[in-house]
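S.K.: Structure file upload24.txt, compact mmCIF, C-alpha atoms, is pasted below:
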# COMPACT_ATOMS: atom_id res chain seq x y z
CA MET C 14 99.61 -52.09 23.36
CA ARG C 15 98.16 -53.58 20.15
CA ALA C 16 95.78 -56.45 20.74
CA GLU C 17 96.80 -59.79 19.24
CA LYS C 18 94.53 -61.61 16.83
CA ALA C 19 92.48 -64.31 18.49
CA PRO C 20 93.81 -67.78 17.62
CA PHE C 21 91.81 -69.97 15.23
CA ALA C 22 89.69 -66.96 14.16
CA TYR C 23 88.93 -68.48 10.79
CA LEU C 24 89.34 -72.18 11.56
CA LEU C 25 86.46 -74.61 11.30
CA LEU C 26 85.26 -76.09 14.55
CA ALA C 27 86.22 -79.72 14.88
CA THR C 28 83.33 -82.13 14.79
CA THR C 29 83.22 -85.15 17.03
CA LEU C 30 84.29 -88.18 15.09
CA CYS C 31 83.80 -91.73 16.21
CA THR C 32 86.80 -93.97 15.76
CA VAL C 33 86.09 -97.06 13.70
CA SER C 34 88.12 -100.07 14.69
CA LEU C 35 89.02 -102.05 11.60
CA ALA C 36 90.48 -105.53 11.72
CA GLN C 37 93.93 -105.33 10.21
CA GLN C 38 95.85 -108.08 8.49
CA PRO C 39 99.63 -108.51 8.74
CA GLY C 40 101.45 -106.12 6.43
CA GLN C 41 98.44 -103.90 5.77
CA PRO C 42 99.37 -100.21 5.18
CA VAL C 43 98.33 -97.95 8.04
CA ALA C 44 98.77 -94.28 9.01
CA GLY C 45 101.44 -93.47 6.44
CA TYR C 46 103.35 -96.75 6.86
CA LYS C 47 103.80 -99.26 4.09
CA LEU C 48 105.44 -102.68 4.12
CA LEU C 49 108.07 -102.48 1.38
CA ASN C 50 109.26 -106.08 1.48
CA THR C 51 110.14 -109.05 3.67
CA ILE C 52 113.78 -110.12 3.48
CA SER C 53 114.26 -113.88 3.72
CA ILE C 54 117.06 -115.20 5.92
CA PRO C 55 118.86 -118.29 4.56
CA GLY C 56 118.02 -121.28 6.76
CA GLY C 57 114.95 -119.51 8.10
CA LEU C 58 114.34 -117.28 11.10
CA THR C 59 113.13 -119.20 14.14
CA GLY C 60 114.67 -117.52 17.18
CA PHE C 61 116.24 -114.12 17.65
CA ASP C 62 116.84 -111.36 20.15
CA ILE C 63 118.03 -107.74 19.90
CA SER C 64 118.68 -105.92 16.62
CA TRP C 65 120.64 -102.78 15.80
CA VAL C 66 120.87 -100.31 12.92
CA ASP C 67 124.08 -98.44 12.12
CA ALA C 68 122.70 -95.73 9.82
CA SER C 69 126.19 -94.42 9.00
CA SER C 70 127.06 -97.66 7.20
CA ALA C 71 123.48 -98.61 6.21
CA ARG C 72 123.69 -101.89 8.09
CA TYR C 73 121.12 -103.76 10.18
CA TYR C 74 122.41 -106.42 12.59
CA LEU C 75 120.16 -109.10 14.09
CA ALA C 76 121.07 -111.48 16.91
CA ASP C 77 119.82 -114.72 15.29
CA ARG C 78 119.93 -117.71 17.64
CA GLY C 79 119.84 -120.22 14.78
CA ASN C 80 118.06 -123.57 14.81
CA ALA C 81 119.82 -126.70 16.03
CA ASN C 82 116.85 -128.84 14.92
CA ALA C 83 116.99 -127.78 11.28
CA THR C 84 118.46 -129.97 8.54
CA PRO C 85 121.22 -129.00 8.25
CA PRO C 86 121.43 -127.27 11.67
CA VAL C 87 121.61 -123.47 11.61
CA SER C 88 124.35 -122.05 13.86
CA PRO C 89 123.84 -119.04 16.12
CA ARG C 90 124.76 -115.99 14.06
CA ILE C 91 124.47 -112.31 13.33
CA ASP C 92 122.38 -111.60 10.23
CA VAL C 93 123.50 -108.53 8.27
CA ILE C 94 121.13 -106.55 6.03
CA ASP C 95 121.89 -103.62 3.74
CA THR C 96 119.35 -100.91 4.69
CA LEU C 97 120.13 -98.84 1.59
CA ASN C 98 119.17 -101.55 -0.91
CA ASN C 99 117.00 -103.65 1.43
CA GLN C 100 118.80 -106.92 0.87
CA PHE C 101 120.38 -109.69 2.92
CA LEU C 102 124.19 -109.54 2.84
CA THR C 103 125.61 -112.29 5.03
CA SER C 104 125.46 -114.16 8.33
CA ILE C 105 128.37 -114.14 10.80
CA ASN C 106 128.54 -117.47 12.64
CA LEU C 107 128.98 -117.50 16.41
CA THR C 108 129.92 -120.13 18.99
CA ALA C 109 126.89 -119.48 21.23
CA GLY C 110 123.47 -117.85 21.08
CA ALA C 111 123.46 -114.11 20.48
CA ASN C 112 121.51 -111.70 22.68
CA GLY C 113 122.37 -107.98 22.86
CA VAL C 114 124.02 -106.14 19.96
CA VAL C 115 125.57 -102.68 19.64
CA ALA C 116 127.64 -101.20 16.80
CA ILE C 117 130.60 -98.86 17.25
CA PRO C 118 130.96 -97.34 13.78
CA ARG C 119 134.19 -95.40 14.28
CA ALA C 120 135.96 -98.55 15.47
CA HIS C 121 134.37 -100.72 12.74
CA GLU C 122 133.18 -103.05 15.47
CA LEU C 123 130.06 -104.91 16.53
CA TRP C 124 129.79 -105.98 20.18
CA VAL C 125 127.55 -108.98 20.94
CA GLY C 126 126.53 -110.62 24.22
CA LEU C 127 126.46 -114.45 24.05
CA SER C 128 124.66 -117.14 26.02
CA ASP C 129 127.96 -118.51 27.41
CA SER C 130 128.54 -115.29 29.41
CA THR C 131 131.07 -113.89 26.94
CA VAL C 132 131.11 -110.78 24.79
CA VAL C 133 132.46 -111.08 21.27
CA VAL C 134 133.82 -108.15 19.27
CA ILE C 135 133.33 -108.53 15.51
CA ASN C 136 135.41 -106.64 12.96
CA THR C 137 132.77 -105.30 10.55
CA ASP C 138 135.34 -104.81 7.78
CA ASN C 139 135.79 -108.56 7.35
CA ASP C 140 132.96 -109.97 9.54
CA THR C 141 135.28 -111.99 11.75
CA THR C 142 135.56 -112.28 15.54
CA ALA C 143 138.43 -110.13 16.78
CA HIS C 144 138.07 -110.49 20.57
CA VAL C 145 136.29 -112.69 23.10
CA ILE C 146 135.79 -111.24 26.61
CA SER C 147 134.45 -113.21 29.58
CA THR C 148 132.10 -111.44 31.97
CA GLY C 149 132.81 -114.09 34.61
CA GLY C 150 129.20 -115.19 34.92
CA SER C 151 127.60 -118.59 34.52
CA MET C 152 124.62 -117.49 32.43
CA ARG C 153 124.10 -115.35 29.36
CA ALA C 154 125.60 -111.93 28.70
CA ASP C 155 122.62 -109.99 27.41
CA GLU C 156 121.89 -106.37 26.44
CA LEU C 157 124.53 -103.67 26.31
CA ALA C 158 125.19 -99.96 25.78
CA TRP C 159 128.21 -97.90 24.72
CA ASP C 160 129.66 -94.81 26.42
CA PRO C 161 131.65 -93.11 23.61
CA VAL C 162 133.12 -90.45 25.93
CA ASP C 163 134.80 -92.79 28.39
CA ARG C 164 134.89 -95.61 25.83
CA ILE C 165 133.15 -98.06 28.12
CA ILE C 166 130.73 -100.86 27.30
CA LEU C 167 128.10 -101.81 29.90
CA ILE C 168 126.56 -105.28 29.57
CA ALA C 169 124.11 -107.12 31.81
CA ASN C 170 124.10 -110.72 32.99
CA ASP C 171 120.38 -110.81 33.70
CA ARG C 172 120.04 -114.49 34.63
CA ASP C 173 122.93 -114.95 37.06
CA SER C 174 122.19 -115.02 40.78
CA PRO C 175 122.53 -112.24 41.69
CA PRO C 176 122.27 -110.53 38.29
CA PHE C 177 125.05 -108.06 37.56
CA VAL C 178 126.41 -105.60 35.02
CA THR C 179 129.97 -105.57 33.69
CA PHE C 180 131.99 -102.55 32.58
CA ILE C 181 134.40 -103.27 29.73
CA SER C 182 137.10 -101.04 28.22
CA GLU C 183 136.37 -100.47 24.54
CA GLN C 184 140.05 -99.63 24.01
CA ASN C 185 141.69 -102.55 25.81
CA TYR C 186 138.92 -105.19 25.69
CA THR C 187 139.36 -105.81 29.41
CA VAL C 188 136.86 -105.91 32.28
CA LEU C 189 137.03 -102.76 34.39
CA GLY C 190 134.62 -103.88 37.09
CA THR C 191 131.19 -105.27 37.89
CA LEU C 192 128.10 -104.09 39.77
CA LYS C 193 125.98 -106.74 41.49
CA TYR C 194 122.24 -106.24 41.90
CA ASP C 195 122.32 -107.98 45.27
CA GLY C 196 120.77 -105.36 47.56
CA THR C 197 124.17 -104.20 48.77
CA SER C 198 126.18 -102.88 45.86
CA ALA C 199 123.00 -102.01 43.94
CA PRO C 200 119.26 -102.52 44.49
CA LYS C 201 118.21 -106.14 44.90
CA SER C 202 116.80 -107.23 41.55
CA THR C 203 113.95 -109.72 41.65
CA GLY C 204 113.29 -109.64 37.90
CA GLY C 205 116.61 -109.57 36.05
CA ILE C 206 118.15 -106.64 34.14
CA GLU C 207 117.02 -105.31 30.78
CA GLN C 208 117.84 -102.64 28.16
CA SER C 209 120.36 -99.89 28.90
CA VAL C 210 121.14 -96.57 27.20
CA TRP C 211 123.90 -93.96 27.35
CA ASN C 212 123.10 -90.26 27.83
CA ALA C 213 125.71 -87.82 26.48
CA THR C 214 124.16 -84.91 28.41
CA THR C 215 124.42 -86.41 31.89
CA LEU C 216 127.37 -88.69 31.01
CA LYS C 217 125.52 -91.56 32.68
CA PHE C 218 124.07 -94.93 31.77
CA TYR C 219 120.38 -95.66 32.41
CA ILE C 220 119.16 -99.21 32.76
CA ALA C 221 115.73 -100.87 33.08
CA ILE C 222 115.24 -103.17 36.08
CA PRO C 223 111.89 -105.01 35.77
CA ALA C 224 111.46 -105.50 39.55
CA THR C 225 113.38 -104.95 42.78
CA SER C 226 112.65 -105.68 46.42
CA THR C 227 112.05 -101.94 46.96
CA ASN C 228 110.18 -101.25 43.72
CA PRO C 229 108.19 -104.35 42.70
CA ASN C 230 106.78 -102.53 39.64
CA GLY C 231 110.33 -101.88 38.47
CA GLU C 232 112.73 -98.98 38.22
CA ILE C 233 115.18 -97.16 35.98
CA ASP C 234 118.64 -96.84 37.50
CA GLU C 235 121.19 -94.14 36.70
CA ILE C 236 124.75 -95.53 36.71
CA ASP C 237 128.00 -93.58 36.83
CA PRO C 238 130.60 -95.29 34.59
CA HIS C 239 133.50 -93.90 36.66
CA SER C 240 132.38 -95.00 40.12
CA MET C 241 130.53 -97.99 38.60
CA SER C 242 127.68 -97.34 41.01
CA VAL C 243 123.97 -96.49 41.00
CA THR C 244 123.61 -92.74 41.56
CA ARG C 245 119.81 -92.37 41.30
CA VAL C 246 116.77 -94.64 41.17
CA PHE C 247 113.57 -93.74 39.27
CA PRO C 248 110.61 -95.97 40.28
CA THR C 249 108.22 -96.78 37.41
CA THR C 250 104.44 -96.75 37.61
CA CYS C 251 103.96 -99.23 34.77
CA MET C 252 104.91 -102.80 35.58
CA GLY C 253 108.08 -104.55 34.46
CA PRO C 254 110.08 -102.08 32.33
CA SER C 255 112.23 -103.99 29.84
CA GLY C 256 112.99 -101.91 26.76
CA LEU C 257 114.36 -98.41 27.31
CA ALA C 258 115.09 -95.47 24.98
CA LEU C 259 116.41 -91.93 25.37
CA ILE C 260 114.09 -89.45 23.63
CA PRO C 261 114.12 -85.63 23.10
CA ASN C 262 114.00 -83.14 25.98
CA GLN C 263 116.03 -85.40 28.28
CA ARG C 264 113.34 -87.98 28.79
CA LEU C 265 113.35 -91.76 28.94
CA ILE C 266 110.60 -94.05 27.69
CA THR C 267 110.12 -97.63 28.85
CA ALA C 268 108.64 -100.61 27.03
CA CYS C 269 105.74 -100.73 29.50
CA GLY C 270 104.88 -97.12 28.62
CA ASP C 271 106.27 -94.76 31.27
CA ILE C 272 107.83 -91.50 30.05
CA LEU C 273 110.24 -90.15 32.68
CA ASP C 274 111.93 -86.79 33.15
CA ILE C 275 115.64 -87.37 33.75
CA ALA C 276 116.16 -84.14 35.72
CA THR C 277 113.56 -85.03 38.34
CA GLY C 278 113.21 -88.77 37.88
CA LYS C 279 109.43 -88.38 37.81
CA VAL C 280 106.99 -90.20 35.53
CA LEU C 281 105.45 -87.56 33.25
CA SER C 282 102.90 -89.81 31.56
CA THR C 283 102.22 -93.42 30.65
CA VAL C 284 101.38 -94.67 27.17
CA LYS C 285 98.32 -96.87 27.52
CA GLY C 286 98.61 -100.22 25.77
CA ALA C 287 102.38 -99.98 25.26
CA SER C 288 104.30 -103.22 25.63
CA GLY C 289 107.27 -105.03 24.17
CA ASP C 290 110.86 -106.05 24.66
CA GLU C 291 113.26 -103.99 22.56
CA ILE C 292 112.17 -100.42 21.83
CA TRP C 293 113.91 -98.01 19.44
CA TYR C 294 113.86 -94.22 19.17
CA ASN C 295 114.20 -93.08 15.55
CA SER C 296 115.55 -89.52 15.35
CA GLY C 297 114.56 -89.39 11.67
CA ASP C 298 110.83 -89.20 12.40
CA GLN C 299 110.98 -88.62 16.17
CA ARG C 300 108.99 -91.73 16.94
CA VAL C 301 109.51 -94.68 19.26
CA TYR C 302 108.91 -98.22 18.00
CA PHE C 303 107.95 -101.07 20.37
CA GLY C 304 108.65 -104.68 19.40
CA SER C 305 105.48 -106.29 20.76
CA THR C 306 104.43 -109.88 19.84
CA ALA C 307 102.54 -109.61 16.54
CA ASN C 308 102.47 -105.81 16.44
CA VAL C 309 104.84 -102.85 16.46
CA ILE C 310 103.41 -99.99 18.51
CA VAL C 311 104.35 -96.48 17.35
CA VAL C 312 104.57 -93.56 19.81
CA ASP C 313 105.24 -89.85 19.21
CA ALA C 314 108.46 -88.95 21.04
CA THR C 315 107.90 -85.18 20.93
CA THR C 316 105.04 -85.16 23.44
CA ASN C 317 104.23 -86.82 26.74
CA ALA C 318 101.99 -89.25 24.89
CA THR C 319 99.32 -91.27 26.67
CA ALA C 320 98.30 -93.33 23.64
CA PRO C 321 100.10 -94.84 20.63
CA LEU C 322 99.97 -93.01 17.31
CA THR C 323 99.33 -96.24 15.44
CA THR C 324 100.15 -99.94 15.32
CA LEU C 325 101.89 -101.89 12.56
CA VAL C 326 100.55 -105.44 12.27
CA VAL C 327 103.65 -107.47 11.46
CA GLY C 328 102.53 -111.02 12.24
CA GLN C 329 99.84 -113.10 13.87
CA VAL C 330 99.34 -115.36 16.86
CA VAL C 331 97.46 -118.59 16.13
CA PRO C 332 96.47 -121.51 18.36
CA ALA C 333 98.66 -124.62 18.41
CA PRO C 334 99.51 -126.63 16.42
CA GLY C 335 99.61 -123.65 14.08
CA VAL C 336 102.82 -121.61 13.88
CA SER C 337 102.62 -118.02 15.10
CA ASN C 338 104.55 -115.22 13.40
CA THR C 339 105.81 -112.98 16.20
CA THR C 340 108.46 -110.43 17.08
CA HIS C 341 109.96 -108.73 20.12
CA SER C 342 112.70 -106.79 18.33
CA VAL C 343 112.75 -103.64 16.21
CA ALA C 344 115.23 -101.04 14.92
CA ALA C 345 115.06 -98.12 12.48
CA ASP C 346 117.37 -96.36 10.04
CA ALA C 347 117.17 -92.63 10.80
CA ASP C 348 118.54 -91.65 7.38
CA ASN C 349 115.65 -93.12 5.36
CA ASN C 350 113.02 -93.81 8.07
CA LEU C 351 112.95 -97.53 7.36
CA VAL C 352 111.70 -99.65 10.26
CA LEU C 353 113.08 -103.20 10.35
CA VAL C 354 111.18 -105.91 12.20
CA PRO C 355 112.30 -109.56 12.44
CA VAL C 356 109.29 -111.93 12.43
CA THR C 357 109.56 -115.65 13.20
CA GLY C 358 108.90 -117.91 10.25
CA MET C 359 108.91 -114.99 7.83
CA GLY C 360 112.15 -112.97 7.83
CA VAL C 361 112.89 -109.29 8.37
CA GLN C 362 110.07 -106.95 7.40
CA VAL C 363 111.01 -103.50 6.07
CA TRP C 364 108.41 -100.80 6.68
CA ARG C 365 108.61 -97.22 5.43
CA ASN C 366 107.31 -94.15 7.19
CA GLY C 367 107.19 -91.83 4.20
CA SER C 368 105.25 -88.97 5.78
CA SER C 369 106.64 -85.63 6.98
CA LEU C 370 105.28 -82.36 8.32
CA THR C 371 107.51 -79.32 8.74
CA ALA C 372 107.07 -75.65 9.68
CA LEU C 373 109.15 -72.76 8.35
CA PRO C 374 110.11 -70.67 10.20
CA ASN C 375 110.30 -72.67 13.40
CA PRO C 376 110.87 -71.09 15.83
CA ILE C 377 108.96 -68.04 14.62
CA PRO C 378 110.76 -64.74 15.37
CA VAL C 379 108.33 -62.33 17.07
CA SER C 380 108.50 -59.12 19.10
CA SER C 381 109.07 -59.30 22.85
CA THR C 382 105.37 -58.66 23.55
CA ALA C 383 103.88 -60.87 20.84
CA LEU C 384 101.76 -63.85 21.80
CA TYR C 385 101.25 -65.24 18.29
CA GLY C 386 103.13 -65.65 15.03
CA ALA C 387 102.69 -67.09 11.53
CA THR C 388 104.46 -69.94 9.75
CA THR C 389 104.18 -72.07 6.62
CA LEU C 390 103.46 -75.78 6.92
CA SER C 391 104.74 -78.23 4.32
CA TRP C 392 103.74 -81.87 4.12
CA ASN C 393 104.46 -85.03 2.18
CA ALA C 394 102.36 -88.18 2.63
CA PRO C 395 103.25 -90.59 -0.20
CA ASN C 396 101.11 -93.43 1.17
CA ALA C 397 97.95 -91.29 1.48
CA GLN C 398 95.54 -89.71 -1.03
CA ILE C 399 93.74 -87.12 1.11
CA ILE C 400 95.12 -85.47 4.24
CA GLU C 401 93.92 -83.07 6.89
CA ILE C 402 96.04 -81.00 9.26
CA HIS C 403 94.49 -80.55 12.69
CA VAL C 404 95.54 -78.12 15.41
CA GLY C 405 96.20 -79.06 19.02
CA SER C 406 95.18 -82.72 18.82
CA PRO C 407 94.44 -85.39 16.19
CA THR C 408 90.77 -84.32 16.25
CA GLY C 409 91.32 -80.60 16.94
CA PRO C 410 90.25 -77.77 14.60
CA VAL C 411 90.95 -78.44 10.92
CA PHE C 412 93.59 -76.15 9.42
CA THR C 413 93.55 -77.58 5.89
CA ASN C 414 92.24 -80.46 3.79
CA ALA C 415 94.34 -81.29 0.72
CA GLY C 416 96.23 -83.83 -1.37
CA ASP C 417 99.23 -85.89 -0.36
CA ARG C 418 101.76 -83.06 -0.61
CA GLY C 419 101.68 -79.29 -0.43
CA THR C 420 102.16 -76.13 1.63
CA ALA C 421 99.85 -73.73 3.48
CA GLN C 422 100.48 -70.55 5.42
CA THR C 423 98.89 -69.93 8.79
CA GLY C 424 97.60 -66.58 10.03
CA LEU C 425 98.91 -64.73 13.09
CA TRP C 426 97.38 -67.22 15.50
CA VAL C 427 100.18 -69.72 16.17
CA ASN C 428 101.19 -69.66 19.83
CA ASP C 429 104.28 -71.07 21.49
CA GLY C 430 104.20 -74.87 21.68
CA MET C 431 101.30 -75.33 19.27
CA THR C 432 101.30 -78.80 17.68
CA PHE C 433 99.94 -79.63 14.23
CA TYR C 434 98.78 -83.16 13.31
CA LEU C 435 98.97 -84.52 9.76
CA GLN C 436 96.08 -86.99 9.31
CA ASP C 437 95.38 -89.62 6.64
CA VAL C 438 91.67 -89.29 5.87
CA SER C 439 91.78 -91.19 2.57
CA GLY C 440 88.62 -93.11 1.74
CA GLY C 441 86.66 -91.37 4.47
CA SER C 442 88.93 -92.52 7.30
CA PRO C 443 88.36 -90.45 10.46
CA ALA C 444 90.93 -88.12 11.96
CA SER C 445 92.31 -89.98 14.99
CA ALA C 446 95.49 -90.81 16.84
CA ALA C 447 95.70 -94.05 14.83
CA ASN C 448 95.61 -92.13 11.52
CA THR C 449 98.24 -89.54 12.48
CA LEU C 450 101.03 -89.52 9.90
CA ALA C 451 103.32 -86.88 11.40
CA THR C 452 103.35 -84.00 13.86
CA VAL C 453 105.25 -80.75 14.24
CA THR C 454 105.44 -78.49 17.30
CA VAL C 455 106.02 -74.80 16.60
CA HIS C 456 107.68 -72.38 19.00
CA LEU C 457 108.01 -68.60 19.21
CA GLN C 458 111.38 -66.87 19.56
CA LYS C 459 111.04 -63.42 21.10
CA MET C 460 113.47 -60.89 19.68
Render the structure in this file as C-alpha cells.

M.R.:
Amino acid sequence: MRAEKAPFAYLLLATTLCTVSLAQQPGQPVAGYKLLNTISIPGGLTGFDISWVDASSARYYLADRGNANATPPVSPRIDVIDTLNNQFLTSINLTAGANGVVAIPRAHELWVGLSDSTVVVINTDNDTTAHVISTGGSMRADELAWDPVDRIILIANDRDSPPFVTFISEQNYTVLGTLKYDGTSAPKSTGGIEQSVWNATTLKFYIAIPATSTNPNGEIDEIDPHSMSVTRVFPTTCMGPSGLALIPNQRLITACGDILDIATGKVLSTVKGASGDEIWYNSGDQRVYFGSTANVIVVDATTNATAPLTTLVVGQVVPAPGVSNTTHSVAADADNNLVLVPVTGMGVQVWRNGSSLTALPNPIPVSSTALYGATTLSWNAPNAQIIEIHVGSPTGPVFTNAGDRGTAQTGLWVNDGMTFYLQDVSGGSPASAANTLATVTVHLQKM
C-alpha cells in the first residue's frame, strides 16, 4: 500500500504569539466586522425586548416597549426596518408592551407576546392587528417559537405563578392547551421560562428553563407539541440558561454558554465568558450572536467552541447619573450577513460580517484507503488588509499569508475534519481567536 504524504510537510511551524488586549470603543471595527450605520428610531429607543429577522422579506422586527414619560408619550410598538436598504420603515402601535416576536413569512404574519398576557397576530401586508389571543394568564406573554409542521405556536408566561407555556393553533388562532411548570405537569420552575426553538429533525420544541427545583443551574426541556408534555430534560452546567439557539449537527447552544448534543442530551462544551438574553444563530456565516449588555459576543457554531471568536462593542455602561447604552437583543439577516443590534439611547446598529472562507472541493473525493486529500481555499476579507490562514487552530501552522482576497491550493495533507482559520493580521495584529474572520472545516469522501 502506498504511503500517504505526511501532513503539513512544507508548512511553517507556528510561533507562540502573545495576545494583546486592546481597549475597544463602541462601534470600532474588529475581526472582519464593521459598523455600517446606526438607524434612528422616531421618538427614541429606551426600552425593548426580543427582535426577529425575516430574511425572505428583508425585514427586521423589534419589540419596542415605548416610553410613557416622553413628550409626547411613545406607545408600545413594533419597529420595522428594511434590511436590504438599512432604513427605518414604520412602527406598528400596540396596546401593551411587546416581548417575544416571531415571523411566519408564508402566512404574512408577525406573532407578538404582550405584557397583558395576550398574543397579537399582525398582518405584515398592511401592518395591522388581525387577531388577539388570550393565554389566560395574569402576567406577560413572553418569548415564542413556531412549529411549521403542526402549525403550532408555543409561547411562555414566564412571570405567572406557576409559569406556564401555551400552545396555540396557527390556523385557527385558538388555544390548544397549556403546560404548567408546577412540578407536576412539568418540572417545577424556580426561575421563569426563557427562549424556545423548534427542531424540524426531531419535530420537538426545546425551551430554556433558568432554574428548577431539580436542576438549580437550569435545564433545557424537550416538548412534544402533540402530547403537550416534556419528553426529556437536559440539565445545564452553566448557570441560568436564557437564550437558546439550534445550531448545526443537531446541537443546542444556550446564552450562558453550554453547547448540548440533542441525541444524548449531554453538554459537549461550554463557551467561557458567554452571556446574554436573546441569542441568534446566523446560517449565513454559521455563527451565534449573543446580546450581552454593552457587547455582542460572537461564537463559531461549527465547532464545540470553548471561547468566543470575537466581541462587538456596541455600547457602554457608565456610572449614574450618566446614561448607559446597552442591549440584550440581537438578530441577523442570513442573506447578507448583517447583524442588527438595538442599543438604548442610540437606535439599531447594523454590523456587517463581510469575511468568507470556502474550500472546493469539500468534501474531497478520495480512494477508500486514502487518509489525505487536496483542496483549494478561497477567501474574501473586505474589512482587512493582510490575512493569514492557520491550520487546526487560530494560532496553528500558517498555510498562507496574503491580501484581503485570493485563492491557494493545499497539498495532499488535508485530513478529514481539518479546520482552517482565516485571521486578520493587519497592522501587525496577532493571530488569535479574537482576530478570526471565518473558518471552514474540510471533510474527505471515500469513493

S.K.: One number please: CA of His456 (chain C) to CA of Trp426 (chain C), in Å, one decimal.

M.R.: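 Spanning CA of His456 (chain C) to CA of Trp426 (chain C) is a straight-line distance of 12.0 Å.
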
S.K.: Give me, as a tab-separated table, each residue of region 34-132 of chain C that comes within 9 Å of region 155-175 of chain C, together with its shortest interatomic pair and the distance in Å at one decimal, counting only C-alpha atoms, with rows ordered by chain and rising residue number.

M.R.:
residue	atom	partner	partner_atom	distance
C:Ile63	CA	C:Glu156	CA	7.7
C:Ala111	CA	C:Asp155	CA	8.1
C:Asn112	CA	C:Asp155	CA	5.2
C:Gly113	CA	C:Glu156	CA	4.0
C:Val114	CA	C:Glu156	CA	6.8
C:Val115	CA	C:Ala158	CA	6.7
C:Ala116	CA	C:Trp159	CA	8.6
C:Ile117	CA	C:Trp159	CA	7.9
C:Trp124	CA	C:Leu157	CA	8.4
C:Val125	CA	C:Leu157	CA	8.1
C:Gly126	CA	C:Asp155	CA	5.1
C:Leu127	CA	C:Asp155	CA	6.8
C:Ser128	CA	C:Asp155	CA	7.6
C:Ser130	CA	C:Asn170	CA	7.3
C:Val132	CA	C:Ile168	CA	8.6

S.K.: Which residues, written as a compact mmCIF listing (two decimals) with C-alpha atoms, keeping the file's coordinate frame, have at least one atom at most 8 Å from Val43 (chain C), with all atoms listed in the file counted and residues fewer than 3 positions away on the same chain left out?

M.R.:
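Writing the result to result38.txt gives the following:
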# COMPACT_ATOMS: atom_id res chain seq x y z
CA TYR C 46 103.35 -96.75 6.86
CA LYS C 47 103.80 -99.26 4.09
CA THR C 323 99.33 -96.24 15.44
CA THR C 324 100.15 -99.94 15.32
CA LEU C 325 101.89 -101.89 12.56
CA ASN C 448 95.61 -92.13 11.52

S.K.: Using only C-alpha atoms, determine which residues lie at most 10 Å from Phe247 (chain C), disregarding the query and same-chain residues fewer than 5 positions distant; provide the list as a ChimeraX atom specification.

M.R.: /C:219,221,228,231-235,273-275,277-280

S.K.: Can you find the residues with an atom no farther than 12 Å from (125.4, -85.3, 32.6), counting all atoms listed in the file, and report them as a list in words?

M.R.: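 Within the cut-off we find Val162, Trp211, Asn212, Ala213, Thr214, Thr215, Leu216, Lys217, Phe218, Tyr219, Glu235, Ile236, Asp237, Pro238, Thr244, Gln263, Ile275 and Ala276 of chain C.
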
S.K.: Using only C-alpha atoms, can you tell me which of C:Ala199, C:Val87, C:Pro39, C:Phe180 comes closest to Ala307 (chain C)?

M.R.: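 Going through C:Ala199, C:Val87, C:Pro39, C:Phe180 one by one, the smallest distance to Ala307 (chain C) is for C:Pro39.
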
S.K.: Just give me the gap between CA of Phe101 (chain C) and CA of Asp77 (chain C) in Å, one decimal is fine.

M.R.: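 We find that CA of Phe101 (chain C) and CA of Asp77 (chain C) lie 13.4 Å from each other.
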
S.K.: Figure out the distance between CA of Pro376 (chain C) and CA of Thr408 (chain C), please, to one decimal in Å.

M.R.: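 The value is 24.1 Å.
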
S.K.: Point out the residue among C:Ser104, C:Asn349, C:Ser242, C:Ser442 with the least atom-to-atom distance to Arg78 (chain C), counting only C-alpha atoms.

M.R.: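 Comparing C:Ser104, C:Asn349, C:Ser242, C:Ser442 against Arg78 (chain C), the winner is C:Ser104.
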